[in-house]
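For reference, the structure is listed below as structure tokens.
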Amino acid sequence: MLDDSTKLNSLGFAKPPSETRVVVAMSGGVDSSVVAAQLAEEGYDVVGVTLQLYDHGAALAKKGACCAGIDIYDARRVAEEMGFPHYVLDYENIFQDAVINEFADSYLGGATPVPCIRCNERVKFKDLLQTARDLEADCMATGHYIQRKTGPNGPELHSAEDANRDQSYFLFSTTPEQLEYLRFPLGHLPSKHATRALAAKYGLAVADKPDSQDICFVPNGDYASVIEKLRPGAAEPGDIVDLEGHVLGHHKGVIHYTIGQRRGLGIGGLSDPLYVVKLDVDNKQVVVGPKEMLATRRVPVREINWLGDEPFDSRPEWHLSVKVRSTRPPHEAILRPLSSTEAEIELLAPEEGVSPGQACVFYETGGSRIYGGGWIWKG
């Protein structure tokens with residue numbers, strides 16, 4: 001039986017909140033601000049850290065961004081109001097190298113990348129997490145909507161209580177070691193409304209601040225213009241062809257297209273609608289075909305981060321559910337390991353628009369646990 005002095009606090013440590021230091025990753029938005037305010041009110045030794053990821057000037061003028069300009073000001077103001085220290089770290093060069101450059105190169109390679117996952121993996125949960133350790137924090141807390149639960153073999157990753165806010169797809173690459181150190185205080189909340197109610201309760205000026213939209217360094221979701229700035233001359237024109245190679249039209253650059261796209265192809269007058277089924281970067285071709293050509297059951301996956309209790313390659317197959325896009329529900333699949341970090345995924349029902357560069361995230365069928373995931377590639 002634990003006595004009062006050894007009871008676990010809300011972050012899972014057997015000591016008073018005042019003796020528990022927690023670094024809060026503050027983006028300047030309502031979610032991370034509520035986390036910081038709540039922990040400060042509970043008496044924790046809170047240190048707020050905000051990353052400046054890209055140019056102030058460009059970001060100040062952009063609504064719905066994060067990690068620059070007005071957001072740094074908002075994070076600092078929350079820290080002042082709640083009375084805890086706040087630091088801004090300049091991570092522009094790291095972000096450029098680890099996230100933006102790969103994003104551009106992936107797009108030019110015909111993939112559809114998800115830079116938010118790489119940012120969590122290579123910046124927030126790597127360098128920022130190390131900074132938290134350097135500050136002698138017991139743990140690091142974020143405003144992500146995901147749950148960390150303690151299982152028989154240690155911490156487990158679980159979907160958020162609110163399925164509409166769940167961010168598990170973007171956090172599949174969290175390693176077991178990182179999970180040991182991380183905390184997600186918002187994952188159990190029933191809705192975003194509950195988060196905003198807490199912000200109002202703490203009197204935070206960001207209580208009604210809109211959620212960030214799009215990828216932070218991509219204004220208005222216009223990927224192509226960003227790629228053209230990063231890689232001048234990359235958008236070379238070419239042909240739009242059918243499955244037999246017949247030229248149906250022309251394009252201004254493969255980077256303007258994504259797998260599954262139907263609109264904006266500029267090849268009207270056909271009896272049946274056509275969709276982008278393949279991007280052939282080497283030949284500068286956008287390949288189009290009927291909708292049924294988009295359906296696939298086999299998905300090659302690599303760079304797997306496994307969060308199961310046994311080694312990934314300890315079994316010939318795993319029966320789980322997978323998400324191949326952030327906006328889709330998980331569907332049942334068979335995972336066949338090729339090594340500890342590669343697998344062939346067989347979807348029990350075919351899915352349309354499976355695209356290289358997207359993540360394939362593994363879920364417990366009928367449950368909330370996340371078993372990691374990997375990156376879809378061409379195979």
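Convention: chains lettered A, B, ... in structure tokens order; per-chain residue numbering from 1; ligands numbered from 1 as shown.
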Please identify the helix (DSSP H, G or I) residues within range 198-368 of chain A (assignment by DSSP from backbone atoms) and present them as a ChimeraX atom specification.
/A:198-201,219-221,223-230,254-256,291-294,312-314
Store the residues picked out above, limited to N, CA and C atoms, as a CSV table (one decimal), in the first residue's frame.
chain,number,residue,atom,x,y,z
A,198,LEU,N,-11.4,24.7,-21.0
A,198,LEU,CA,-10.3,24.8,-20.0
A,198,LEU,C,-9.5,26.1,-20.3
A,199,ALA,N,-9.3,26.5,-21.5
A,199,ALA,CA,-8.6,27.7,-21.8
A,199,ALA,C,-9.3,28.9,-21.3
A,200,ALA,N,-10.6,28.9,-21.4
A,200,ALA,CA,-11.4,30.0,-20.8
A,200,ALA,C,-11.4,30.0,-19.3
A,201,LYS,N,-11.4,28.8,-18.7
A,201,LYS,CA,-11.3,28.7,-17.2
A,201,LYS,C,-10.0,29.3,-16.7
A,219,PRO,N,1.8,27.9,-47.5
A,219,PRO,CA,0.7,28.8,-47.5
A,219,PRO,C,-0.5,28.3,-48.4
A,220,ASN,N,-1.7,28.3,-47.8
A,220,ASN,CA,-2.9,28.0,-48.6
A,220,ASN,C,-2.9,26.6,-49.2
A,221,GLY,N,-2.1,25.7,-48.7
A,221,GLY,CA,-2.0,24.4,-49.3
A,221,GLY,C,-1.4,24.3,-50.7
A,223,TYR,N,1.3,23.4,-52.5
A,223,TYR,CA,2.5,22.7,-52.4
A,223,TYR,C,3.5,23.1,-53.6
A,224,ALA,N,2.9,23.1,-54.8
A,224,ALA,CA,3.7,23.3,-56.0
A,224,ALA,C,4.5,24.6,-56.0
A,225,SER,N,3.9,25.7,-55.5
A,225,SER,CA,4.6,26.9,-55.5
A,225,SER,C,5.8,26.9,-54.5
A,226,VAL,N,5.6,26.2,-53.4
A,226,VAL,CA,6.7,26.0,-52.4
A,226,VAL,C,7.8,25.2,-53.0
A,227,ILE,N,7.5,24.1,-53.7
A,227,ILE,CA,8.5,23.3,-54.3
A,227,ILE,C,9.3,24.1,-55.4
A,228,GLU,N,8.6,24.9,-56.2
A,228,GLU,CA,9.3,25.7,-57.2
A,228,GLU,C,10.2,26.7,-56.6
A,229,LYS,N,9.9,27.2,-55.4
A,229,LYS,CA,10.8,28.2,-54.8
A,229,LYS,C,12.0,27.4,-54.2
A,230,LEU,N,11.8,26.2,-53.7
A,230,LEU,CA,12.9,25.5,-53.1
A,230,LEU,C,13.8,24.8,-54.1
A,254,VAL,N,5.0,17.4,-62.9
A,254,VAL,CA,4.5,16.3,-62.2
A,254,VAL,C,4.1,16.7,-60.7
A,255,ILE,N,4.8,17.7,-60.2
A,255,ILE,CA,4.6,18.2,-58.8
A,255,ILE,C,3.2,18.8,-58.6
A,256,HIS,N,2.5,19.1,-59.7
A,256,HIS,CA,1.2,19.7,-59.6
A,256,HIS,C,0.1,18.6,-59.4
A,291,LYS,N,-11.1,4.6,-62.5
A,291,LYS,CA,-11.1,4.6,-61.0
A,291,LYS,C,-10.7,3.3,-60.4
A,292,GLU,N,-11.1,2.2,-61.1
A,292,GLU,CA,-10.7,0.9,-60.5
A,292,GLU,C,-9.2,0.6,-60.5
A,293,MET,N,-8.5,1.4,-61.3
A,293,MET,CA,-7.0,1.2,-61.4
A,293,MET,C,-6.4,1.7,-60.1
A,294,LEU,N,-7.1,2.5,-59.3
A,294,LEU,CA,-6.6,3.1,-58.1
A,294,LEU,C,-6.6,2.1,-57.0
A,312,PHE,N,9.0,-7.2,-34.1
A,312,PHE,CA,8.1,-7.3,-35.2
A,312,PHE,C,8.3,-8.5,-36.1
A,313,ASP,N,9.6,-8.9,-36.3
A,313,ASP,CA,9.9,-10.0,-37.1
A,313,ASP,C,9.9,-11.4,-36.4
A,314,SER,N,9.3,-11.4,-35.2
A,314,SER,CA,9.2,-12.7,-34.4
A,314,SER,C,8.1,-13.5,-34.9
Work out how far apart CA of Ile146 in chain A and CA of Val324 in chain A are and give it in Å to one decimal.
18.2 Å
Within 12 Å of range 9-15 of chain A: each range 33-128 of chain A residue with its shortest pair, only C-alpha atoms, as a tab-separated table:
residue	atom	partner	partner_atom	distance
A:Val35	CA	A:Leu11	CA	11.9
A:Gln38	CA	A:Ser10	CA	11.1
A:Leu39	CA	A:Ser10	CA	9.2
A:Glu42	CA	A:Ser10	CA	9.0
A:Gly43	CA	A:Asn9	CA	10.7
A:Tyr44	CA	A:Leu11	CA	9.5
A:Asp45	CA	A:Leu11	CA	12.0
Strand (DSSP E or B) call set, DSSP backbone run, range 68-125 of chain A, as a list in words:
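Those in range 68-125 of chain A that DSSP calls strand (DSSP E or B) are His86, Tyr87, Val88, Leu89 and Asp90 of chain A.
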At a cut-off of 10 Å, using only C-alpha atoms, what residues contact Gly373 in chain A? Leave out same-chain residues fewer than 6 positions from it and give the result as a PyMOL selection string.
chain A and resi 169+171-174+301-307+322-324+341+359-363
Nearest to Arg196 in chain A, restricted to only C-alpha atoms and choosing among A:Thr20, A:Ser368, A:Thr175, A:Ser33, comes out as A:Ser33
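Across the model, the gap from CA of Cys116 in chain A to CA of Ile370 in chain A is 17.9 Å.
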Residues of range 212-232 of chain A at most 12 Å from range 67-79 of chain A: nearest atom pair and distance in Å, only C-alpha atoms, as a Markdown table:
| residue | atom | partner | partner_atom | distance |
| --- | --- | --- | --- | --- |
| A:Ser212 | CA | A:Cys67 | CA | 10.1 |
| A:Ile215 | CA | A:Cys67 | CA | 11.1 |
| A:Cys216 | CA | A:Cys67 | CA | 7.7 |
| A:Phe217 | CA | A:Cys67 | CA | 9.6 |
Generate a file of the selected residues that holds all heavy atoms, formatted as a PDB file, in the first residue's frame.
ATOM      1  N   SER A 212      -4.618  25.659 -36.280  1.00  0.00           N
ATOM      2  CA  SER A 212      -3.727  25.800 -37.426  1.00  0.00           C
ATOM      3  C   SER A 212      -4.220  24.894 -38.554  1.00  0.00           C
ATOM      4  O   SER A 212      -4.746  23.816 -38.312  1.00  0.00           O
ATOM      5  CB  SER A 212      -2.290  25.445 -37.048  1.00  0.00           C
ATOM      6  OG  SER A 212      -2.217  24.132 -36.542  1.00  0.00           O
ATOM      7  N   ILE A 215      -0.023  22.597 -43.876  1.00  0.00           N
ATOM      8  CA  ILE A 215       1.341  22.386 -43.402  1.00  0.00           C
ATOM      9  C   ILE A 215       1.935  23.761 -43.116  1.00  0.00           C
ATOM     10  O   ILE A 215       1.775  24.690 -43.906  1.00  0.00           O
ATOM     11  CB  ILE A 215       2.146  21.629 -44.475  1.00  0.00           C
ATOM     12  CG1 ILE A 215       1.580  20.207 -44.615  1.00  0.00           C
ATOM     13  CG2 ILE A 215       3.619  21.591 -44.136  1.00  0.00           C
ATOM     14  CD1 ILE A 215       2.019  19.497 -45.864  1.00  0.00           C
ATOM     15  N   CYS A 216       2.625  23.893 -41.991  1.00  0.00           N
ATOM     16  CA  CYS A 216       3.002  25.226 -41.503  1.00  0.00           C
ATOM     17  C   CYS A 216       3.778  26.059 -42.511  1.00  0.00           C
ATOM     18  O   CYS A 216       3.616  27.269 -42.571  1.00  0.00           O
ATOM     19  CB  CYS A 216       3.773  25.113 -40.188  1.00  0.00           C
ATOM     20  SG  CYS A 216       5.372  24.289 -40.304  1.00  0.00           S
ATOM     21  N   PHE A 217       4.625  25.437 -43.332  1.00  0.00           N
ATOM     22  CA  PHE A 217       5.439  26.230 -44.263  1.00  0.00           C
ATOM     23  C   PHE A 217       4.850  26.253 -45.674  1.00  0.00           C
ATOM     24  O   PHE A 217       5.506  26.673 -46.623  1.00  0.00           O
ATOM     25  CB  PHE A 217       6.889  25.714 -44.297  1.00  0.00           C
ATOM     26  CG  PHE A 217       7.024  24.263 -44.698  1.00  0.00           C
ATOM     27  CD1 PHE A 217       7.179  23.907 -46.028  1.00  0.00           C
ATOM     28  CD2 PHE A 217       7.009  23.260 -43.739  1.00  0.00           C
ATOM     29  CE1 PHE A 217       7.299  22.569 -46.399  1.00  0.00           C
ATOM     30  CE2 PHE A 217       7.133  21.922 -44.100  1.00  0.00           C
ATOM     31  CZ  PHE A 217       7.281  21.586 -45.436  1.00  0.00           C
TER      32      PHE A 217
END
List as a tab-separated table (two decimals) with C-alpha atoms, in the first residue's frame the protein and nucleic acid residues near range 270-277 of chain A, meaning an atom at most 10 Å away when only C-alpha atoms are counted, but skip any in the same chain fewer than 2 places from it.
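Saved as selection-v1.tsv:
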chain	number	residue	atom	x	y	z
A	240	ILE	CA	-0.51	13.19	-69.60
A	241	VAL	CA	-0.83	9.63	-70.92
A	242	ASP	CA	-3.25	6.72	-70.59
A	243	LEU	CA	-2.28	3.20	-69.48
A	257	TYR	CA	-0.51	16.20	-59.34
A	258	THR	CA	-1.28	13.58	-56.71
A	259	ILE	CA	-2.40	9.95	-56.95
A	260	GLY	CA	-6.20	9.75	-57.13
A	261	GLN	CA	-6.64	13.28	-58.50
A	262	ARG	CA	-9.52	13.71	-60.91
A	263	ARG	CA	-10.09	17.45	-61.24
A	265	LEU	CA	-6.40	17.41	-65.57
A	267	ILE	CA	-8.50	16.40	-70.62
A	268	GLY	CA	-12.27	16.75	-70.98
A	279	LEU	CA	3.41	9.67	-61.48
A	280	ASP	CA	6.34	8.71	-63.70
A	286	VAL	CA	1.28	11.77	-65.46
A	287	VAL	CA	-0.44	8.43	-66.05
A	288	VAL	CA	-4.25	8.40	-65.91
A	289	GLY	CA	-6.79	5.58	-65.90
A	290	PRO	CA	-10.24	4.50	-64.69
A	291	LYS	CA	-11.10	4.63	-61.01
A	292	GLU	CA	-10.75	0.87	-60.52
A	293	MET	CA	-7.02	1.18	-61.35
A	294	LEU	CA	-6.58	3.09	-58.10
A	295	ALA	CA	-7.62	0.14	-55.97
A	352	GLU	CA	-8.00	3.50	-53.58
A	353	GLY	CA	-5.29	6.10	-53.84
A	354	VAL	CA	-2.58	4.39	-51.80
A	355	SER	CA	0.35	6.71	-52.42
Mind pulling up the distance from CA of Leu128 in chain A to CA of His188 in chain A?
23.9 Å
Contacts of Ala37 in chain A at 7 Å or less, counting only C-alpha atoms, minus same-chain residues fewer than 4 places along, as a list in words?
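After dropping sequence-adjacent residues, the list is Ser33, Glu41, Met82 and Tyr202 of chain A.
The residue that comes closest to Ala205 in chain A, out of A:Glu317, A:Glu102, A:Asp282, A:Glu80 and on the basis of only C-alpha atoms, is A:Glu80.
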Looking at A:Lys378, A:His144, A:Lys149, A:Lys7, which one is nearest to Glu344 in chain A, with distances taken over only C-alpha atoms?
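Ranked by minimum distance to Glu344 in chain A, first place goes to A:Lys378.
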Kindly indicate which residue among A:Thr296, A:Thr112, A:Ser18, A:Thr142 lies nearest to Arg183 in chain A, using only C-alpha atoms for the distances.
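The closest residue to Arg183 in chain A is A:Thr142.
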Give me, as a ChimeraX atom specification, all polymer residues having an atom no more than 12 Å from Gln130 in chain A, counting only C-alpha atoms and skipping those fewer than 4 positions away in the same chain.
/A:23,122-126,134-140,177-178,181-182
May I have the selected residues written with N, CA and C atoms, as a compact mmCIF listing (two decimals), in the first residue's frame?
# COMPACT_ATOMS: atom_id res chain seq x y z
N VAL A 23 8.84 19.99 -19.12
CA VAL A 23 8.97 20.91 -20.25
C VAL A 23 7.73 20.75 -21.12
N ARG A 122 11.82 14.05 -36.20
CA ARG A 122 13.20 14.51 -36.33
C ARG A 122 13.50 15.81 -35.59
N VAL A 123 12.45 16.54 -35.20
CA VAL A 123 12.67 17.82 -34.52
C VAL A 123 12.07 17.80 -33.12
N LYS A 124 10.74 17.71 -33.05
CA LYS A 124 10.08 17.85 -31.74
C LYS A 124 10.43 16.72 -30.79
N PHE A 125 10.37 15.48 -31.26
CA PHE A 125 10.60 14.35 -30.36
C PHE A 125 12.05 13.89 -30.37
N LYS A 126 12.91 14.65 -31.04
CA LYS A 126 14.34 14.31 -31.03
C LYS A 126 15.11 15.46 -30.38
N ASP A 134 18.17 18.07 -21.15
CA ASP A 134 19.24 18.99 -20.75
C ASP A 134 18.78 19.96 -19.66
N LEU A 135 17.49 20.28 -19.69
CA LEU A 135 16.91 21.16 -18.66
C LEU A 135 16.54 20.39 -17.38
N GLU A 136 16.94 19.12 -17.36
CA GLU A 136 16.71 18.24 -16.20
C GLU A 136 15.23 18.06 -15.88
N ALA A 137 14.43 18.04 -16.95
CA ALA A 137 12.99 17.80 -16.76
C ALA A 137 12.73 16.32 -16.56
N ASP A 138 11.72 16.01 -15.76
CA ASP A 138 11.33 14.61 -15.55
C ASP A 138 10.60 14.05 -16.77
N CYS A 139 9.94 14.94 -17.52
CA CYS A 139 9.20 14.51 -18.71
C CYS A 139 8.94 15.71 -19.60
N MET A 140 8.44 15.43 -20.81
CA MET A 140 8.02 16.50 -21.72
C MET A 140 6.55 16.29 -22.07
N GLU A 177 11.35 4.47 -26.28
CA GLU A 177 12.15 5.30 -25.37
C GLU A 177 11.54 6.70 -25.24
N GLN A 178 11.09 7.26 -26.37
CA GLN A 178 10.44 8.58 -26.33
C GLN A 178 9.14 8.52 -25.55
N TYR A 181 9.19 8.97 -21.91
CA TYR A 181 9.45 10.34 -21.43
C TYR A 181 8.32 11.32 -21.72
N LEU A 182 7.47 10.99 -22.69
CA LEU A 182 6.44 11.93 -23.14
C LEU A 182 5.14 11.81 -22.35
